[in-house]
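> What follows is a structure written as structure tokens; I'll ask about it next.
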Amino acid sequence: MLEYLHGKLDDLTPATATVECHGVGYLLNISLNTFSAIQGKTEVKLYVYEAVREDAWVLFGFSTKQERLLFLQLISVSGVGGNTARTILSAFTPAELCDVILNGNDKVLKTVKGLGAKTSQRIIVELKDKVASLGITPATVEPGDQTANQVNQQVYNDACEALKALGYSPAPVAKTVKAILKDEPDATVEKVIKRAFKML
């Protein structure tokens with residue numbers, strides 16, 4: 001059982017991180033929150049969840065134990081798999097997700113791709129008490145101002161790649177990301193992706 005990986009950050013996209021430990025490169029699926037936390041670093045420590053199936057061995061990486069704990073809570077809910085949980089944790093920070101669940105805000109939760117009304121309600125019902133005991137201070141979900149990066153092709157490429165990795169179709173992704181960048185040229189990759197979640 002892997003607890004965490006500590007090593008060189010060999011490659012990073014908004015959806016994956018490759019960490020080299022003692023000559024072995026581990027590919028981890030990550031959320032947008034973890035991407036933001038480790039972007040620009042050369043050495044990282046990521047907490048790990050191993051999803052072992054008959055046809056695959058998939059690793060999920062998290063910048064904090066809190067995020068991994070929320071991930072584990074999410075996948076304990078019927079109908080929520082690893083990729084859906086990662087998408088939820090890309091749409092909300094751990095604090096925001098706690099706020100959504102504790103306040104029973106299923107309307108906000110079901111805007112996440114892959115979540116219908118029933119699954120959103122099930123998450124809230126099953127996790128409300130558990131989340132309350134995690135000790136994570138809730139944060140109200142509001143559109144926040146982010147420091148804008150200089151617009152370039154890399155923002156477009158990274159946003160498209162992340163959204164496709166999260167299960168969205170390439171054509172709508174490209175159209176949506178272009179529209180967002182046209183409307184807000186100085187948007188960061190994170191902001192583009194979060195806006196795209198609401199449009200796709």
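How things are named: the first chain in the structure tokens is A, the next is B, and so on; residues count from 1 in each chain; ligands count from 1 in the order shown.
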Could you name the residues that touch His22 in chain A at 12 Å or less, counting only C-alpha atoms, but leaving out those on the same chain fewer than 6 positions away, as number ranges by chain?
A: 5-8
> Just to be explicit: take each residue in the selection above, keep C-alpha atoms, and write the result as a compact mmCIF listing (two decimals), in the first residue's frame.

# COMPACT_ATOMS: atom_id res chain seq x y z
CA LEU A 5 5.41 9.49 -3.25
CA HIS A 6 8.21 11.98 -2.67
CA GLY A 7 10.44 12.75 -5.60
CA LYS A 8 11.19 14.77 -8.69
> Mind the document's chain letters and residue numbers, and return as a ChimeraX atom specification the residues of chain A that DSSP labels strand (DSSP E).
/A:4-12,16-21,24-30,43-52,57-62
> CA of Gln154 in chain A and CA of Ser169 in chain A are how many Å apart?
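Pair CA of Gln154 in chain A / CA of Ser169 in chain A returns 19.4 Å.
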> Residues of range 47-86 of chain A that approach range 155-167 of chain A to 12 Å or less, counting only C-alpha atoms: could you list each one with the shortest pair of atoms and its distance in Å to one decimal, rows by chain and increasing residue number, as CSV?

residue,atom,partner,partner_atom,distance
A:Gly82,CA,A:Leu166,CA,10.7
A:Asn83,CA,A:Leu166,CA,6.9
A:Thr84,CA,A:Leu166,CA,8.1
A:Ala85,CA,A:Leu166,CA,10.4
A:Arg86,CA,A:Leu166,CA,8.2
> Take the residues that were just selected and, keeping N, CA and C atoms, output them as an mmCIF file, in the first residue's frame.

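Output below, filename result03.cif:
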data_model
loop_
_atom_site.group_PDB
_atom_site.id
_atom_site.type_symbol
_atom_site.label_atom_id
_atom_site.label_comp_id
_atom_site.auth_asym_id
_atom_site.auth_seq_id
_atom_site.Cartn_x
_atom_site.Cartn_y
_atom_site.Cartn_z
ATOM 1 N N GLY A 82 -13.621 6.828 -9.181
ATOM 2 C CA GLY A 82 -12.429 7.646 -8.997
ATOM 3 C C GLY A 82 -12.381 8.872 -9.879
ATOM 4 N N ASN A 83 -12.728 8.713 -11.154
ATOM 5 C CA ASN A 83 -12.653 9.854 -12.078
ATOM 6 C C ASN A 83 -13.709 10.901 -11.758
ATOM 7 N N THR A 84 -14.896 10.455 -11.336
ATOM 8 C CA THR A 84 -15.933 11.405 -10.957
ATOM 9 C C THR A 84 -15.528 12.164 -9.703
ATOM 10 N N ALA A 85 -14.949 11.445 -8.741
ATOM 11 C CA ALA A 85 -14.486 12.096 -7.508
ATOM 12 C C ALA A 85 -13.409 13.123 -7.821
ATOM 13 N N ARG A 86 -12.509 12.775 -8.742
ATOM 14 C CA ARG A 86 -11.455 13.721 -9.125
ATOM 15 C C ARG A 86 -12.061 14.961 -9.797
#
> Between A:Ala51, A:Leu115, A:Ile88, A:Cys98, single out the one closest to Lys130 in chain A, counting only C-alpha atoms.
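For Lys130 in chain A, the nearest of the given residues is A:Cys98.
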> Among chain A, which residues carry a DSSP assignment of alpha helix (DSSP H), reported as a ChimeraX atom specification?
/A:32-38,65-75,82-91,94-102,106-109,117-132,153-165,170-183,189-199
> Interatomic distance between CA of Asn105 in chain A and CA of Gln66 in chain A?
20.7 Å
> Applying 9 Å and only C-alpha atoms, which residues near Thr137 in chain A remain after dropping the ones on its own chain fewer than 2 positions away? List them as a ChimeraX atom specification.
/A:94-96,98-99,134-135,139
> Could you give me, as JSON, numbers by chain, the residues within 10 Å of range 38-44 of chain A, counting only C-alpha atoms and dropping anything in the same chain fewer than 2 positions from it?
{"A": [5, 6, 7, 8, 9, 10, 11, 12, 13, 14, 17, 19, 20, 33, 34, 35, 36, 46, 47, 62, 63]}
> Residues within 10 Å of range 116-127 of chain A, please, as number ranges by chain. Count only C-alpha atoms; anything in the same chain fewer than 6 positions from it doesn't count.
A: 70, 73-80, 98, 100-110, 133
> Grab the CA of Ile30 in chain A to CA of Lys45 in chain A distance for me, in Å with one decimal place.
12.6 Å
> For a quick check of understanding, using only C-alpha atoms, which of A:Ala196, A:Leu27, A:Lys113, A:Thr64 has the smallest distance to Val173 in chain A?
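Smallest distance to Val173 in chain A is found for A:Ala196.
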> With distances taken over only C-alpha atoms, which residue among A:Leu72, A:Leu28, A:Ala187, A:Leu97 lies nearest Trp57 in chain A?
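Closest candidate: A:Leu28.
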